[in-house]
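Here is the file data_1.pdb (PDB, C-alpha atoms).
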```pdb
ATOM      1  CA  MET A   1       5.946  19.799  15.317
ATOM      2  CA  SER A   2       2.737  17.987  16.023
ATOM      3  CA  THR A   3      -0.711  18.233  14.620
ATOM      4  CA  THR A   4      -3.847  17.751  16.638
ATOM      5  CA  THR A   5      -6.454  17.189  13.939
ATOM      6  CA  THR A   6      -7.524  13.560  13.998
ATOM      7  CA  GLN A   7      -9.964  13.597  11.078
ATOM      8  CA  PRO A   8      -9.455  15.008   7.601
ATOM      9  CA  HIS A   9     -10.691  18.531   7.406
ATOM     10  CA  GLU A  10     -12.481  20.218   4.576
ATOM     11  CA  LEU A  11     -10.646  22.543   2.253
ATOM     12  CA  THR A  12     -12.946  24.907   0.427
ATOM     13  CA  GLU A  13     -11.611  26.899  -2.471
ATOM     14  CA  PRO A  14     -13.516  29.648  -4.247
ATOM     15  CA  GLY A  15     -15.758  28.175  -6.938
ATOM     16  CA  SER A  16     -14.927  24.560  -6.084
ATOM     17  CA  ALA A  17     -16.395  21.627  -4.243
ATOM     18  CA  ILE A  18     -15.319  20.662  -0.754
ATOM     19  CA  THR A  19     -12.144  18.575  -0.733
ATOM     20  CA  LEU A  20     -10.834  16.441   2.125
ATOM     21  CA  HIS A  21      -7.413  17.573   3.340
ATOM     22  CA  ASN A  22      -4.831  15.838   5.531
ATOM     23  CA  HIS A  23      -1.397  17.026   6.555
ATOM     24  CA  VAL A  24       0.106  13.745   5.306
ATOM     25  CA  ALA A  25      -1.279  11.253   2.777
ATOM     26  CA  ILE A  26       0.401   7.830   2.722
ATOM     27  CA  ILE A  27      -0.224   5.926  -0.499
ATOM     28  CA  GLY A  28       0.100   2.163   0.067
ATOM     29  CA  THR A  29      -0.326  -0.065   3.122
ATOM     30  CA  GLY A  30       2.422  -2.639   2.897
ATOM     31  CA  PHE A  31       5.442  -2.617   5.197
ATOM     32  CA  GLY A  32       6.471   0.889   4.104
ATOM     33  CA  GLY A  33       3.060   2.507   4.531
ATOM     34  CA  ILE A  34       2.396   0.897   7.900
ATOM     35  CA  ALA A  35       5.867   1.818   9.209
ATOM     36  CA  THR A  36       5.387   5.418   8.065
ATOM     37  CA  ALA A  37       2.006   5.698   9.795
ATOM     38  CA  VAL A  38       3.310   4.292  13.071
ATOM     39  CA  ARG A  39       6.402   6.510  13.062
ATOM     40  CA  LEU A  40       4.298   9.599  12.282
ATOM     41  CA  ARG A  41       2.066   8.826  15.244
ATOM     42  CA  GLN A  42       5.096   8.215  17.489
ATOM     43  CA  ALA A  43       6.452  11.621  16.413
ATOM     44  CA  GLY A  44       3.190  13.278  17.465
ATOM     45  CA  PHE A  45       1.465  13.579  14.084
ATOM     46  CA  SER A  46      -2.166  12.573  13.987
ATOM     47  CA  ASP A  47      -3.400  14.294  10.822
ATOM     48  CA  PHE A  48      -2.595  11.597   8.291
ATOM     49  CA  VAL A  49      -4.512   9.233   6.045
ATOM     50  CA  MET A  50      -3.520   5.886   4.525
ATOM     51  CA  LEU A  51      -4.860   5.375   1.000
ATOM     52  CA  GLU A  52      -5.012   1.788  -0.288
ATOM     53  CA  ARG A  53      -6.238   0.698  -3.713
ATOM     54  CA  ALA A  54      -7.205  -2.784  -2.485
ATOM     55  CA  GLY A  55      -9.751  -3.860   0.101
ATOM     56  CA  GLU A  56      -7.186  -4.737   2.794
ATOM     57  CA  VAL A  57      -3.733  -3.724   4.026
ATOM     58  CA  GLY A  58      -0.718  -5.842   3.167
ATOM     59  CA  GLY A  59       0.828  -4.685  -0.101
ATOM     60  CA  VAL A  60       2.892  -7.318  -1.846
ATOM     61  CA  TRP A  61       2.125  -9.857   0.893
ATOM     62  CA  ARG A  62      -1.592  -9.462   0.271
ATOM     63  CA  ASP A  63      -1.278  -9.551  -3.520
ATOM     64  CA  ASN A  64       1.313 -12.221  -4.209
ATOM     65  CA  ASP A  65      -0.394 -15.350  -2.970
ATOM     66  CA  TYR A  66       1.111 -17.849  -5.376
ATOM     67  CA  PRO A  67       2.176 -21.260  -4.016
ATOM     68  CA  GLY A  68       5.485 -21.064  -2.162
ATOM     69  CA  ALA A  69       5.559 -17.268  -1.793
ATOM     70  CA  ALA A  70       7.862 -16.474   1.113
ATOM     71  CA  VAL A  71      10.298 -13.867   2.327
ATOM     72  CA  ASP A  72      13.990 -14.259   1.453
ATOM     73  CA  VAL A  73      15.213 -12.643   4.675
ATOM     74  CA  GLN A  74      15.053 -14.328   8.064
ATOM     75  CA  SER A  75      11.663 -13.648   9.611
ATOM     76  CA  ASN A  76      13.009 -12.112  12.811
ATOM     77  CA  LEU A  77      14.710  -9.451  10.655
ATOM     78  CA  TYR A  78      11.606  -8.976   8.503
ATOM     79  CA  SER A  79       9.579  -7.512  11.350
ATOM     80  CA  PHE A  80       8.944  -4.013  12.601
ATOM     81  CA  SER A  81      11.119  -2.962  15.533
ATOM     82  CA  PHE A  82       7.961  -1.622  17.210
ATOM     83  CA  ALA A  83       6.105  -4.921  16.639
ATOM     84  CA  PRO A  84       8.490  -7.856  16.985
ATOM     85  CA  ASN A  85       7.002 -11.260  16.327
ATOM     86  CA  PRO A  86       8.594 -14.062  18.360
ATOM     87  CA  HIS A  87       6.072 -16.572  16.974
ATOM     88  CA  TRP A  88       7.160 -16.967  13.341
ATOM     89  CA  HIS A  89       6.554 -20.554  12.237
ATOM     90  CA  ASN A  90       9.416 -20.627   9.735
ATOM     91  CA  THR A  91      12.868 -19.127   9.469
ATOM     92  CA  TYR A  92      11.629 -17.618   6.186
ATOM     93  CA  ALA A  93       7.989 -16.670   6.743
ATOM     94  CA  THR A  94       5.451 -17.594   4.103
ATOM     95  CA  GLN A  95       2.996 -15.232   2.422
ATOM     96  CA  PRO A  96      -0.040 -16.151   4.562
ATOM     97  CA  GLU A  97       1.931 -15.570   7.761
ATOM     98  CA  LEU A  98       3.359 -12.234   6.547
ATOM     99  CA  PHE A  99      -0.057 -11.043   5.392
ATOM    100  CA  ALA A 100      -1.569 -11.976   8.777
ATOM    101  CA  TYR A 101       1.291 -10.146  10.544
ATOM    102  CA  LEU A 102       0.625  -6.926   8.609
ATOM    103  CA  LYS A 103      -3.113  -7.079   9.341
ATOM    104  CA  ASP A 104      -2.346  -7.686  13.019
ATOM    105  CA  VAL A 105       0.046  -4.722  13.173
ATOM    106  CA  ALA A 106      -2.571  -2.475  11.533
ATOM    107  CA  ASP A 107      -5.016  -3.590  14.228
ATOM    108  CA  THR A 108      -2.720  -3.438  17.260
ATOM    109  CA  GLN A 109      -1.324  -0.054  16.204
ATOM    110  CA  ASP A 110      -4.885   1.256  15.755
ATOM    111  CA  LEU A 111      -4.380   2.258  12.118
ATOM    112  CA  ARG A 112      -7.760   1.104  10.783
ATOM    113  CA  ALA A 113      -9.360   4.490  11.556
ATOM    114  CA  ARG A 114      -6.777   6.117   9.273
ATOM    115  CA  LEU A 115      -7.392   3.749   6.335
ATOM    116  CA  VAL A 116      -9.343   4.500   3.201
ATOM    117  CA  LEU A 117      -9.591   1.146   1.415
ATOM    118  CA  ASP A 118     -10.554   0.581  -2.219
ATOM    119  CA  CYS A 119      -9.176   4.047  -2.922
ATOM    120  CA  ALA A 120      -6.798   3.958  -5.876
ATOM    121  CA  VAL A 121      -4.924   7.194  -6.488
ATOM    122  CA  GLU A 122      -5.265   7.983 -10.171
ATOM    123  CA  ARG A 123      -3.408  11.285 -10.267
ATOM    124  CA  LEU A 124      -1.024  13.134  -7.990
ATOM    125  CA  GLU A 125       0.013  16.701  -8.741
ATOM    126  CA  TRP A 126       1.881  19.392  -6.825
ATOM    127  CA  ASP A 127       0.097  22.750  -6.786
ATOM    128  CA  PRO A 128       2.834  25.370  -6.265
ATOM    129  CA  ALA A 129       0.384  28.254  -5.823
ATOM    130  CA  ALA A 130      -1.522  26.504  -3.015
ATOM    131  CA  GLN A 131       1.615  24.744  -1.694
ATOM    132  CA  LEU A 132      -0.094  21.356  -1.466
ATOM    133  CA  TRP A 133      -0.554  18.072  -3.270
ATOM    134  CA  ARG A 134      -3.750  17.405  -5.214
ATOM    135  CA  LEU A 135      -4.784  13.754  -5.330
ATOM    136  CA  GLU A 136      -7.460  12.408  -7.639
ATOM    137  CA  THR A 137      -8.741   9.117  -6.264
ATOM    138  CA  VAL A 138     -11.528   6.771  -7.285
ATOM    139  CA  ARG A 139     -13.382   8.091  -4.230
ATOM    140  CA  GLY A 140     -12.967  11.747  -5.150
ATOM    141  CA  PRO A 141     -10.408  14.524  -4.767
ATOM    142  CA  ARG A 142      -8.208  15.030  -1.722
ATOM    143  CA  THR A 143      -5.314  17.285  -0.839
ATOM    144  CA  ALA A 144      -2.305  16.902   1.431
ATOM    145  CA  THR A 145       0.581  19.053   2.527
ATOM    146  CA  HIS A 146       2.922  16.057   2.300
ATOM    147  CA  VAL A 147       2.654  12.753   0.401
ATOM    148  CA  VAL A 148       4.525   9.531   1.125
ATOM    149  CA  LEU A 149       4.620   7.062  -1.756
ATOM    150  CA  ALA A 150       4.724   3.617  -0.170
ATOM    151  CA  THR A 151       3.462   1.672  -3.165
ATOM    152  CA  GLY A 152       6.437  -0.688  -3.317
ATOM    153  CA  ALA A 153       8.549  -1.831  -6.221
ATOM    154  CA  LEU A 154       6.603  -5.081  -6.608
ATOM    155  CA  ALA A 155       3.100  -3.599  -6.552
ATOM    156  CA  ASP A 156       2.358  -4.365 -10.197
ATOM    157  CA  PRO A 157       3.420  -7.344 -12.287
ATOM    158  CA  LEU A 158       5.958  -6.804 -15.015
ATOM    159  CA  ILE A 159       5.783  -9.519 -17.631
ATOM    160  CA  PRO A 160       9.049  -9.439 -19.555
ATOM    161  CA  ALA A 161       9.089  -9.093 -23.327
ATOM    162  CA  ILE A 162      10.480 -12.548 -24.066
ATOM    163  CA  PRO A 163      11.349 -13.004 -27.745
ATOM    164  CA  GLY A 164       9.091 -15.674 -29.249
ATOM    165  CA  LEU A 165       6.480 -15.586 -26.466
ATOM    166  CA  ASP A 166       3.844 -14.758 -29.065
ATOM    167  CA  ARG A 167       4.738 -17.961 -30.940
ATOM    168  CA  PHE A 168       4.965 -20.219 -27.893
ATOM    169  CA  GLU A 169       2.623 -23.188 -28.410
ATOM    170  CA  GLY A 170       2.384 -24.394 -24.826
ATOM    171  CA  SER A 171       0.465 -22.738 -22.061
ATOM    172  CA  ALA A 172       2.016 -20.159 -19.762
ATOM    173  CA  SER A 173       0.600 -18.342 -16.791
ATOM    174  CA  THR A 174       1.600 -15.660 -14.348
ATOM    175  CA  ARG A 175       0.085 -15.126 -10.937
ATOM    176  CA  HIS A 176       0.024 -11.785  -9.192
ATOM    177  CA  ALA A 177      -2.398  -9.753  -7.129
ATOM    178  CA  GLY A 178      -4.751 -12.665  -6.607
ATOM    179  CA  SER A 179      -5.363 -13.183 -10.307
ATOM    180  CA  THR A 180      -3.939 -15.563 -12.856
ATOM    181  CA  THR A 181      -3.209 -14.582 -16.436
ATOM    182  CA  THR A 182      -3.054 -17.499 -18.840
ATOM    183  CA  ILE A 183      -1.878 -17.323 -22.409
ATOM    184  CA  SER A 184      -3.694 -19.958 -24.407
ATOM    185  CA  PRO A 185      -1.960 -21.423 -27.486
ATOM    186  CA  GLU A 186      -5.321 -21.998 -29.184
ATOM    187  CA  SER A 187      -6.449 -18.393 -29.201
ATOM    188  CA  GLY A 188      -3.228 -16.552 -28.492
ATOM    189  CA  SER A 189      -5.197 -14.522 -26.000
ATOM    190  CA  ARG A 190      -5.103 -14.198 -22.259
TER     191      ARG A 190
END
```
Structure encoded using structure tokens:
Amino acid sequence: MSTTTTQPHELTEPGSAITLHNHVAIIGTGFGGIATAVRLRQAGFSDFVMLERAGEVGGVWRDNDYPGAAVDVQSNLYSFSFAPNPHWHNTYATQPELFAYLKDVADTQDLRARLVLDCAVERLEWDPAAQLWRLETVRGPRTATHVVLATGALADPLIPAIPGLDRFEGSASTRHAGSTTTISPESGSR
């Protein structure tokens, strides 16, 4: 089955505002979201949108930019089959190189027209009567017949509940998503 609509179309329901509708909504633009978009296009689907909460594609490789961040799988295996990269600089590619690779794939696969950046999905609900998904985003409501969650397991930091952390007198910090959280012993605050 293929769809021919290339832009989201409007879904008007009685007594409601106009809502953008796509056949497929992909939430997240890391490796999983980009691979899904490319494979949908290769299968003949064109009515899809990629929703990304940040201002750029890349997922975990955009967000985790701490010193020494790198992949733990050989770089030649950590590439898309449809976009091999024979120019990796390291056996285990570093974060800047992986992030650049994902941006390049989004460009070369012509996915930018499908992207809605800075568009966090705040709610996702199946509507059985209408047989579609209702998405509430920071940019307004949308609907989709199908939704692919490609948010990744490492999308949000999880700081473990370490016994005694609240009494720790030194300084500790975590780095994720381009921000650093520091726990100060003087104030006990972040």
Subject >> Target residues per the PyMOL selection byres ((chain A and resi 69-79) around 8), formatted as a VMD selection string >> reply: chain A and resid 64 to 68 80 to 81 83 to 86 88 90 to 95
Axis-aligned box for range 99-108 of chain A, 4 Å per side, centre and edges in Å as AutoDock Vina command-line options:
```
--center_x -1.9 --center_y -7.2 --center_z 11.3 --size_x 14.3 --size_y 17.5 --size_z 19.9
```
Original post:
Which is closest to Glu136 in chain A among A:Val105, A:Ala120, A:Leu98, A:Ala155, if we use all atoms listed in the file?
Top reply: A:Ala120
**OP:** Go through A:Leu102, A:Ala144, A:Ile26, A:Leu165 one by one, measure the shortest atom-to-atom distance of each to Glu52 in chain A using only C-alpha atoms, and give the residue with the smallest value.
**Re:**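 Of all the options, A:Ile26 lies closest to Glu52 in chain A.
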**OP:** Taking the file above as input, evaluate the PyMOL selection byres ((chain A and resi 127-132) around 9) and report the hits as a ChimeraX atom specification.
**Re:** /A:125-126,133-134,143-146
Same residues, C-alpha atoms, saved as a PDB file, in the frame of the given file:
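Final file, selection37.pdb:
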```pdb
ATOM      1  CA  GLU A 125       0.013  16.701  -8.741  1.00  0.00           C
ATOM      2  CA  TRP A 126       1.881  19.392  -6.825  1.00  0.00           C
ATOM      3  CA  TRP A 133      -0.554  18.072  -3.270  1.00  0.00           C
ATOM      4  CA  ARG A 134      -3.750  17.405  -5.214  1.00  0.00           C
ATOM      5  CA  THR A 143      -5.314  17.285  -0.839  1.00  0.00           C
ATOM      6  CA  ALA A 144      -2.305  16.902   1.431  1.00  0.00           C
ATOM      7  CA  THR A 145       0.581  19.053   2.527  1.00  0.00           C
ATOM      8  CA  HIS A 146       2.922  16.057   2.300  1.00  0.00           C
TER       9      HIS A 146
END
```
**OP:** Would you write out, as a VMD selection string, every residue that the PyMOL selection byres ((chain A and resi 60) around 10) captures in this file?
**Re:** chain A and resid 29 to 31 57 to 59 61 to 65 95 98 to 99 151 to 156 176 to 177
**OP:** One decimal, Å: what's the distance from CA of Leu51 in chain A over to CA of His21 in chain A, could you say?
**Re:** 12.7 Å
